[in-house]
$ cat query-v6.pdb   # PDB, C-alpha atoms
ATOM      1  CA  MET A   1      53.416 -47.315 -18.343
ATOM      2  CA  VAL A   2      55.066 -44.385 -16.559
ATOM      3  CA  ALA A   3      54.038 -40.744 -17.054
ATOM      4  CA  LEU A   4      56.596 -38.162 -15.941
ATOM      5  CA  ASP A   5      56.393 -34.378 -15.784
ATOM      6  CA  GLN A   6      58.142 -31.639 -13.816
ATOM      7  CA  ASN A   7      54.789 -30.077 -12.924
ATOM      8  CA  GLY A   8      53.459 -31.779  -9.798
ATOM      9  CA  GLU A   9      49.923 -30.476 -10.300
ATOM     10  CA  GLU A  10      49.750 -31.930 -13.803
ATOM     11  CA  ILE A  11      51.059 -35.271 -12.571
ATOM     12  CA  ARG A  12      48.400 -35.436  -9.873
ATOM     13  CA  GLU A  13      45.756 -34.965 -12.559
ATOM     14  CA  VAL A  14      47.287 -37.750 -14.672
ATOM     15  CA  ALA A  15      47.269 -40.049 -11.640
ATOM     16  CA  LYS A  16      43.524 -39.366 -11.297
ATOM     17  CA  TRP A  17      42.998 -40.252 -14.978
ATOM     18  CA  PHE A  18      44.896 -43.518 -14.556
ATOM     19  CA  ALA A  19      42.804 -44.410 -11.513
ATOM     20  CA  ALA A  20      39.577 -43.574 -13.351
ATOM     21  CA  MET A  21      40.590 -45.698 -16.347
ATOM     22  CA  LYS A  22      41.364 -48.645 -14.085
ATOM     23  CA  GLU A  23      38.057 -48.268 -12.251
ATOM     24  CA  ALA A  24      36.154 -48.064 -15.546
ATOM     25  CA  GLY A  25      37.856 -51.205 -16.861
ATOM     26  CA  GLU A  26      39.506 -49.292 -19.703
ATOM     27  CA  ALA A  27      43.015 -50.560 -18.933
ATOM     28  CA  PRO A  28      44.198 -53.911 -20.363
ATOM     29  CA  ALA A  29      44.370 -56.818 -17.931
ATOM     30  CA  GLY A  30      47.674 -56.845 -16.063
ATOM     31  CA  ALA A  31      48.627 -53.333 -17.170
ATOM     32  CA  THR A  32      50.122 -50.902 -14.668
ATOM     33  CA  ALA A  33      50.372 -47.107 -14.876
ATOM     34  CA  THR A  34      52.317 -44.731 -12.658
ATOM     35  CA  ALA A  35      52.424 -40.923 -12.678
ATOM     36  CA  MET A  36      55.489 -39.318 -11.136
ATOM     37  CA  GLU A  37      57.158 -35.929 -10.865
ATOM     38  CA  GLY A  38      60.649 -35.731 -12.315
ATOM     39  CA  ASP A  39      63.281 -33.947 -14.379
ATOM     40  CA  ALA A  40      63.703 -34.809 -18.065
ATOM     41  CA  LEU A  41      67.424 -34.037 -17.738
ATOM     42  CA  ASN A  42      67.880 -36.464 -14.849
ATOM     43  CA  LEU A  43      65.423 -39.330 -15.216
ATOM     44  CA  PRO A  44      65.018 -41.534 -12.122
ATOM     45  CA  PHE A  45      65.335 -44.783 -14.095
ATOM     46  CA  PRO A  46      68.223 -47.154 -14.824
ATOM     47  CA  ASP A  47      69.675 -47.582 -18.301
ATOM     48  CA  ALA A  48      67.583 -49.489 -20.859
ATOM     49  CA  SER A  49      64.372 -49.426 -18.792
ATOM     50  CA  PHE A  50      61.732 -48.864 -21.480
ATOM     51  CA  ASP A  51      60.609 -50.436 -24.755
ATOM     52  CA  VAL A  52      58.974 -47.187 -25.919
ATOM     53  CA  VAL A  53      59.616 -43.544 -24.998
ATOM     54  CA  ILE A  54      57.368 -40.617 -25.970
ATOM     55  CA  ILE A  55      58.572 -37.000 -25.592
ATOM     56  CA  SER A  56      55.441 -34.964 -26.250
ATOM     57  CA  GLU A  57      55.760 -31.154 -26.642
ATOM     58  CA  VAL A  58      58.684 -30.957 -24.206
ATOM     59  CA  MET A  59      61.893 -30.141 -26.060
ATOM     60  CA  GLU A  60      60.804 -26.656 -27.164
ATOM     61  CA  HIS A  61      60.680 -25.669 -23.455
ATOM     62  CA  ILE A  62      64.154 -26.825 -22.358
ATOM     63  CA  PRO A  63      67.442 -25.024 -23.125
ATOM     64  CA  ASP A  64      69.472 -28.254 -23.085
ATOM     65  CA  ASP A  65      67.407 -30.175 -25.636
ATOM     66  CA  LYS A  66      70.382 -32.380 -26.502
ATOM     67  CA  GLY A  67      70.607 -33.359 -22.852
ATOM     68  CA  VAL A  68      66.932 -34.332 -22.885
ATOM     69  CA  LEU A  69      67.458 -36.561 -25.915
ATOM     70  CA  ALA A  70      70.536 -38.123 -24.327
ATOM     71  CA  GLU A  71      68.523 -39.054 -21.208
ATOM     72  CA  MET A  72      65.677 -40.495 -23.270
ATOM     73  CA  VAL A  73      68.127 -42.582 -25.290
ATOM     74  CA  ARG A  74      69.807 -43.766 -22.092
ATOM     75  CA  VAL A  75      66.594 -45.204 -20.616
ATOM     76  CA  LEU A  76      65.429 -46.695 -23.939
ATOM     77  CA  LYS A  77      66.255 -50.352 -24.567
ATOM     78  CA  PRO A  78      68.357 -51.217 -27.645
ATOM     79  CA  GLY A  79      65.894 -51.891 -30.428
ATOM     80  CA  GLY A  80      63.289 -49.750 -28.647
ATOM     81  CA  ARG A  81      61.230 -47.044 -30.309
ATOM     82  CA  ILE A  82      60.933 -43.340 -29.539
ATOM     83  CA  ALA A  83      58.426 -40.695 -30.670
ATOM     84  CA  VAL A  84      59.199 -36.983 -30.384
ATOM     85  CA  THR A  85      56.610 -34.263 -30.968
ATOM     86  CA  VAL A  86      57.291 -30.523 -31.121
ATOM     87  CA  PRO A  87      55.287 -27.553 -32.431
ATOM     88  CA  ARG A  88      55.538 -27.378 -36.218
ATOM     89  CA  TYR A  89      57.603 -24.509 -37.649
ATOM     90  CA  GLY A  90      54.933 -22.706 -39.735
ATOM     91  CA  PRO A  91      51.980 -22.644 -37.300
ATOM     92  CA  GLU A  92      54.356 -21.882 -34.414
ATOM     93  CA  LYS A  93      55.884 -18.891 -36.243
ATOM     94  CA  ILE A  94      52.383 -17.457 -36.644
ATOM     95  CA  CYS A  95      51.753 -17.809 -32.897
ATOM     96  CA  TRP A  96      55.018 -16.018 -32.089
ATOM     97  CA  ALA A  97      54.198 -13.243 -34.569
ATOM     98  CA  LEU A  98      50.729 -12.706 -33.089
ATOM     99  CA  SER A  99      51.691 -12.719 -29.412
ATOM    100  CA  ASP A 100      54.812 -12.210 -27.324
ATOM    101  CA  ALA A 101      52.911 -13.506 -24.281
ATOM    102  CA  TYR A 102      52.511 -16.867 -26.033
ATOM    103  CA  HIS A 103      56.191 -17.677 -25.632
ATOM    104  CA  GLU A 104      57.840 -15.010 -23.467
ATOM    105  CA  VAL A 105      56.722 -16.552 -20.184
ATOM    106  CA  GLU A 106      58.491 -18.645 -17.556
ATOM    107  CA  GLY A 107      58.702 -22.195 -18.856
ATOM    108  CA  GLY A 108      57.444 -21.111 -22.282
ATOM    109  CA  HIS A 109      58.664 -22.033 -25.738
ATOM    110  CA  ILE A 110      62.263 -20.947 -26.285
ATOM    111  CA  ARG A 111      62.820 -22.223 -29.835
ATOM    112  CA  ILE A 112      61.013 -23.191 -33.019
ATOM    113  CA  TYR A 113      62.241 -26.381 -34.682
ATOM    114  CA  LYS A 114      62.573 -27.019 -38.357
ATOM    115  CA  ALA A 115      62.037 -30.664 -39.228
ATOM    116  CA  ASP A 116      65.596 -31.232 -40.435
ATOM    117  CA  GLU A 117      67.002 -29.659 -37.267
ATOM    118  CA  LEU A 118      65.065 -31.991 -34.973
ATOM    119  CA  LEU A 119      65.913 -35.066 -37.038
ATOM    120  CA  GLY A 120      69.570 -34.053 -37.046
ATOM    121  CA  LYS A 121      69.637 -33.814 -33.254
ATOM    122  CA  MET A 122      67.965 -37.204 -32.980
ATOM    123  CA  ARG A 123      70.652 -38.735 -35.214
ATOM    124  CA  GLU A 124      73.395 -37.027 -33.165
ATOM    125  CA  ALA A 125      71.903 -38.686 -30.075
ATOM    126  CA  GLY A 126      72.428 -42.092 -31.690
ATOM    127  CA  LEU A 127      68.869 -42.657 -32.916
ATOM    128  CA  LYS A 128      67.780 -43.871 -36.350
ATOM    129  CA  PRO A 129      64.713 -41.900 -37.547
ATOM    130  CA  TYR A 130      62.310 -43.917 -39.690
ATOM    131  CA  GLY A 131      59.179 -41.794 -40.105
ATOM    132  CA  THR A 132      57.523 -38.409 -39.630
ATOM    133  CA  HIS A 133      54.099 -36.831 -39.953
ATOM    134  CA  HIS A 134      52.090 -33.790 -38.887
ATOM    135  CA  ALA A 135      49.174 -33.828 -36.455
ATOM    136  CA  HIS A 136      46.490 -31.715 -34.736
ATOM    137  CA  ALA A 137      45.622 -29.396 -37.622
ATOM    138  CA  LEU A 138      42.354 -28.387 -35.963
ATOM    139  CA  HIS A 139      44.324 -27.039 -32.992
ATOM    140  CA  SER A 140      46.333 -24.517 -35.044
ATOM    141  CA  PRO A 141      43.434 -22.046 -35.569
ATOM    142  CA  TYR A 142      42.575 -22.295 -31.876
ATOM    143  CA  TRP A 143      46.031 -21.140 -30.850
ATOM    144  CA  TRP A 144      46.058 -18.413 -33.504
ATOM    145  CA  LEU A 145      42.788 -17.112 -32.048
ATOM    146  CA  LYS A 146      44.174 -17.249 -28.498
ATOM    147  CA  CYS A 147      47.274 -15.354 -29.574
ATOM    148  CA  ALA A 148      45.205 -12.758 -31.465
ATOM    149  CA  PHE A 149      42.715 -12.128 -28.620
ATOM    150  CA  GLY A 150      45.163 -12.649 -25.723
ATOM    151  CA  VAL A 151      46.512 -15.970 -24.510
ATOM    152  CA  ASP A 152      44.904 -15.446 -21.093
ATOM    153  CA  ASN A 153      41.637 -14.055 -22.453
ATOM    154  CA  GLU A 154      39.250 -16.971 -22.099
ATOM    155  CA  LYS A 155      36.172 -14.732 -22.520
ATOM    156  CA  ALA A 156      36.729 -13.851 -26.179
ATOM    157  CA  LEU A 157      33.763 -15.297 -28.076
ATOM    158  CA  PRO A 158      35.782 -16.746 -31.018
ATOM    159  CA  VAL A 159      38.131 -18.502 -28.583
ATOM    160  CA  ARG A 160      35.275 -19.911 -26.502
ATOM    161  CA  ALA A 161      33.367 -21.073 -29.580
ATOM    162  CA  TYR A 162      36.371 -22.790 -31.109
ATOM    163  CA  HIS A 163      37.242 -24.437 -27.796
ATOM    164  CA  LYS A 164      33.748 -25.937 -27.670
ATOM    165  CA  LEU A 165      34.307 -27.295 -31.183
ATOM    166  CA  LEU A 166      37.573 -28.943 -30.118
ATOM    167  CA  VAL A 167      36.015 -30.504 -27.018
ATOM    168  CA  TRP A 168      33.105 -31.799 -29.096
ATOM    169  CA  ASP A 169      35.535 -33.234 -31.642
ATOM    170  CA  ILE A 170      37.646 -34.954 -28.955
ATOM    171  CA  MET A 171      34.638 -36.443 -27.189
ATOM    172  CA  LYS A 172      32.529 -37.448 -30.197
ATOM    173  CA  LYS A 173      35.176 -38.056 -32.898
ATOM    174  CA  PRO A 174      32.762 -37.330 -35.767
ATOM    175  CA  ALA A 175      33.807 -38.542 -39.211
ATOM    176  CA  ALA A 176      33.592 -35.048 -40.734
ATOM    177  CA  THR A 177      36.200 -33.480 -38.446
ATOM    178  CA  ARG A 178      38.410 -36.583 -38.505
ATOM    179  CA  ILE A 179      38.535 -36.448 -42.317
ATOM    180  CA  ALA A 180      39.045 -32.675 -42.299
ATOM    181  CA  GLU A 181      41.967 -32.956 -39.898
ATOM    182  CA  GLN A 182      43.597 -35.708 -41.949
ATOM    183  CA  LEU A 183      43.382 -33.509 -45.043
ATOM    184  CA  LEU A 184      44.662 -30.411 -43.226
ATOM    185  CA  ASN A 185      47.480 -32.051 -41.231
ATOM    186  CA  PRO A 186      50.052 -31.864 -44.049
ATOM    187  CA  VAL A 187      49.288 -28.140 -44.463
ATOM    188  CA  VAL A 188      48.682 -26.693 -40.985
ATOM    189  CA  GLY A 189      49.249 -29.561 -38.543
ATOM    190  CA  LYS A 190      50.150 -27.996 -35.171
ATOM    191  CA  SER A 191      52.660 -30.711 -34.252
ATOM    192  CA  PHE A 192      55.593 -32.300 -36.047
ATOM    193  CA  VAL A 193      56.033 -35.938 -35.014
ATOM    194  CA  ALA A 194      59.239 -37.920 -35.580
ATOM    195  CA  TYR A 195      59.767 -41.652 -34.938
ATOM    196  CA  ALA A 196      63.104 -43.385 -34.414
ATOM    197  CA  THR A 197      64.709 -46.536 -33.062
ATOM    198  CA  LYS A 198      67.706 -47.058 -30.820
ATOM    199  CA  PRO A 199      70.093 -49.385 -32.642
ATOM    200  CA  HIS A 200      71.222 -52.619 -31.051
ATOM    201  CA  LEU A 201      74.831 -52.696 -29.933
ATOM    202  CA  PRO A 202      77.057 -54.558 -32.378
ATOM    203  CA  ALA A 203      77.764 -58.134 -31.332
ATOM    204  CA  PRO A 204      81.301 -58.594 -29.927
ATOM    205  CA  SER A 205      83.746 -60.358 -32.232
ATOM    206  CA  VAL A 206      85.060 -63.806 -31.327
ATOM    207  CA  ALA A 207      88.522 -62.364 -30.703
ATOM    208  CA  ALA A 208      87.173 -59.664 -28.398
ATOM    209  CA  ALA A 209      85.030 -62.166 -26.528
ATOM    210  CA  ALA A 210      88.032 -64.422 -25.955
ATOM    211  CA  LYS A 211      90.067 -61.680 -24.245
TER     212      LYS A 211
END
$ encode --input "query-v6.pdb" --output "structure tokens"
Amino acid sequence: MVALDQNGEEIREVAKWFAAMKEAGEAPAGATATAMEGDALNLPFPDASFDVVIISEVMEHIPDDKGVLAEMVRVLKPGGRIAVTVPRYGPEKICWALSDAYHEVEGGHIRIYKADELLGKMREAGLKPYGTHHAHALHSPYWWLKCAFGVDNEKALPVRAYHKLLVWDIMKKPAATRIAEQLLNPVVGKSFVAYATKPHLPAPSVAAAAK
């Protein structure tokens, strides 16, 4: 597995997580994991390098989103699978309405995708979408609170209290919050997730092969 991000500090943290997982015996036998700094518009990998590609909450940050998709398709093997996640239209619109600071920052969100728009761009890139869903419903209220009280205001009591709830949920995975999130995802899921495959190249005809 290879994790890539343009933010060197983030990548160093991921490298620490990988090392900790290996030390704790949480990685499958024979598995390898590398964290590296890089540019999504110029990936440092040859064509058809990966069986699976995940673009998680990236495309809403980059002006040339079609270029990002083109690079991801380039490094994906024919027959490989890709998952793309972006902020969902409804919850994201609320964040933008509550706070300019949420998105008007360097490297911030520059667009809000509608589902059909994202799927259309994936098809234009040569992918074949086969499934979608919404995720992270419990995170939507957290970001609404942050936008309402100030995205950099970590001292606001509602924000701090809700953050503790999210950490508890992530660490403990209680059945009550898991069920609640499953029920709420179709309504207020923070992320829209789309899955697609990269088609195999058509087999050359006998005539073409003989030339």
$ residues_around --input "query-v6.pdb" --residues "A:Phe18" --least-positions-apart "6" --cutoff "10 Å" --atoms "all atoms listed in the file" --output "PyMOL selection string"
chain A and resi 3+12+24+26-27+32-35
$ residues_around --input "query-v6.pdb" --residues "stretch 39-49 of chain A" --least-positions-apart "6" --cutoff "7 Å" --atoms "only C-alpha atoms" --output "list in words"
Gln6, Gly67, Val68, Glu71, Arg74, Val75, Leu76 and Lys77 of chain A
$ write_last_selection --input "query-v6.pdb" --atoms "C-alpha atoms" --output "compact mmCIF listing (two decimals), keeping the file's coordinate frame"
# COMPACT_ATOMS: atom_id res chain seq x y z
CA GLN A 6 58.14 -31.64 -13.82
CA GLY A 67 70.61 -33.36 -22.85
CA VAL A 68 66.93 -34.33 -22.88
CA GLU A 71 68.52 -39.05 -21.21
CA ARG A 74 69.81 -43.77 -22.09
CA VAL A 75 66.59 -45.20 -20.62
CA LEU A 76 65.43 -46.70 -23.94
CA LYS A 77 66.26 -50.35 -24.57
$ closest_residue --input "query-v6.pdb" --among "A:Ala176, A:Val84, A:Tyr102, A:Leu145" --to "A:His163" --atoms "only C-alpha atoms"
A:Leu145
$ closest_residue --input "query-v6.pdb" --among "A:Leu165, A:Val188, A:Leu138, A:Cys95" --to "A:Val151" --atoms "all atoms listed in the file"
A:Cys95
$ atom_distance --input "query-v6.pdb" --atom1 "atom CA of A:His103" --atom2 "atom CA of A:Ala70"
25.0 Å
$ atom_distance --input "query-v6.pdb" --atom1 "atom CA of A:Phe192" --atom2 "atom CA of A:Pro78"
24.3 Å
$ closest_residue --input "query-v6.pdb" --among "A:Arg178, A:His200, A:Lys66, A:Arg88" --to "A:Thr132" --atoms "all atoms listed in the file"
A:Arg88
$ atom_distance --input "query-v6.pdb" --atom1 "atom CA of A:Glu10" --atom2 "atom CA of A:Met36"
9.7 Å
$ residues_around --input "query-v6.pdb" --residues "A:Ile179" --least-positions-apart "3" --cutoff "12 Å" --atoms "only C-alpha atoms" --output "PDB file with C-alpha atoms, in the coordinates of the input"
ATOM      1  CA  HIS A 136      46.490 -31.715 -34.736  1.00  0.00           C
ATOM      2  CA  ALA A 137      45.622 -29.396 -37.622  1.00  0.00           C
ATOM      3  CA  LEU A 138      42.354 -28.387 -35.963  1.00  0.00           C
ATOM      4  CA  ASP A 169      35.535 -33.234 -31.642  1.00  0.00           C
ATOM      5  CA  LYS A 173      35.176 -38.056 -32.898  1.00  0.00           C
ATOM      6  CA  PRO A 174      32.762 -37.330 -35.767  1.00  0.00           C
ATOM      7  CA  ALA A 175      33.807 -38.542 -39.211  1.00  0.00           C
ATOM      8  CA  ALA A 176      33.592 -35.048 -40.734  1.00  0.00           C
ATOM      9  CA  GLN A 182      43.597 -35.708 -41.949  1.00  0.00           C
ATOM     10  CA  LEU A 183      43.382 -33.509 -45.043  1.00  0.00           C
ATOM     11  CA  LEU A 184      44.662 -30.411 -43.226  1.00  0.00           C
ATOM     12  CA  ASN A 185      47.480 -32.051 -41.231  1.00  0.00           C
TER      13      ASN A 185
END
$ residues_near_point --input "query-v6.pdb" --point "(50.8, -32.3, -32.3)" --cutoff "8 Å" --atoms "only C-alpha atoms" --output "ChimeraX atom specification"
/A:57,85-88,134-137,189-193
$ closest_residue --input "query-v6.pdb" --among "A:Tyr89, A:Tyr162, A:Phe50, A:Tyr142" --to "A:Val2" --atoms "all atoms listed in the file"
A:Phe50
$ closest_residue --input "query-v6.pdb" --among "A:Gly131, A:Ala83, A:Gly120, A:Pro63" --to "A:Gly108" --atoms "all atoms listed in the file"
A:Pro63
$ closest_residue --input "query-v6.pdb" --among "A:Asp100, A:Met171, A:Gly90, A:Leu201" --to "A:Ala115" --atoms "only C-alpha atoms"
A:Gly90
$ axis_aligned_box --input "query-v6.pdb" --around "stretch 127-130 of chain A" --padding-each-side "8 Å" --output "AutoDock Vina command-line options"
--center_x 65.6 --center_y -42.9 --center_z -36.3 --size_x 22.6 --size_y 18.0 --size_z 22.8
$ resolve_selection --input "query-v6.pdb" --expression "the PyMOL selection byres ((chain A and resi 124) around 12)" --output "ChimeraX atom specification"
/A:65-67,69-70,73,117-123,125-129,198
$ residues_near_point --input "query-v6.pdb" --point "(59.0, -41.8, -23.3)" --cutoff "8 Å" --atoms "only C-alpha atoms" --output "PyMOL selection string"
chain A and resi 50+52-55+72+82-83
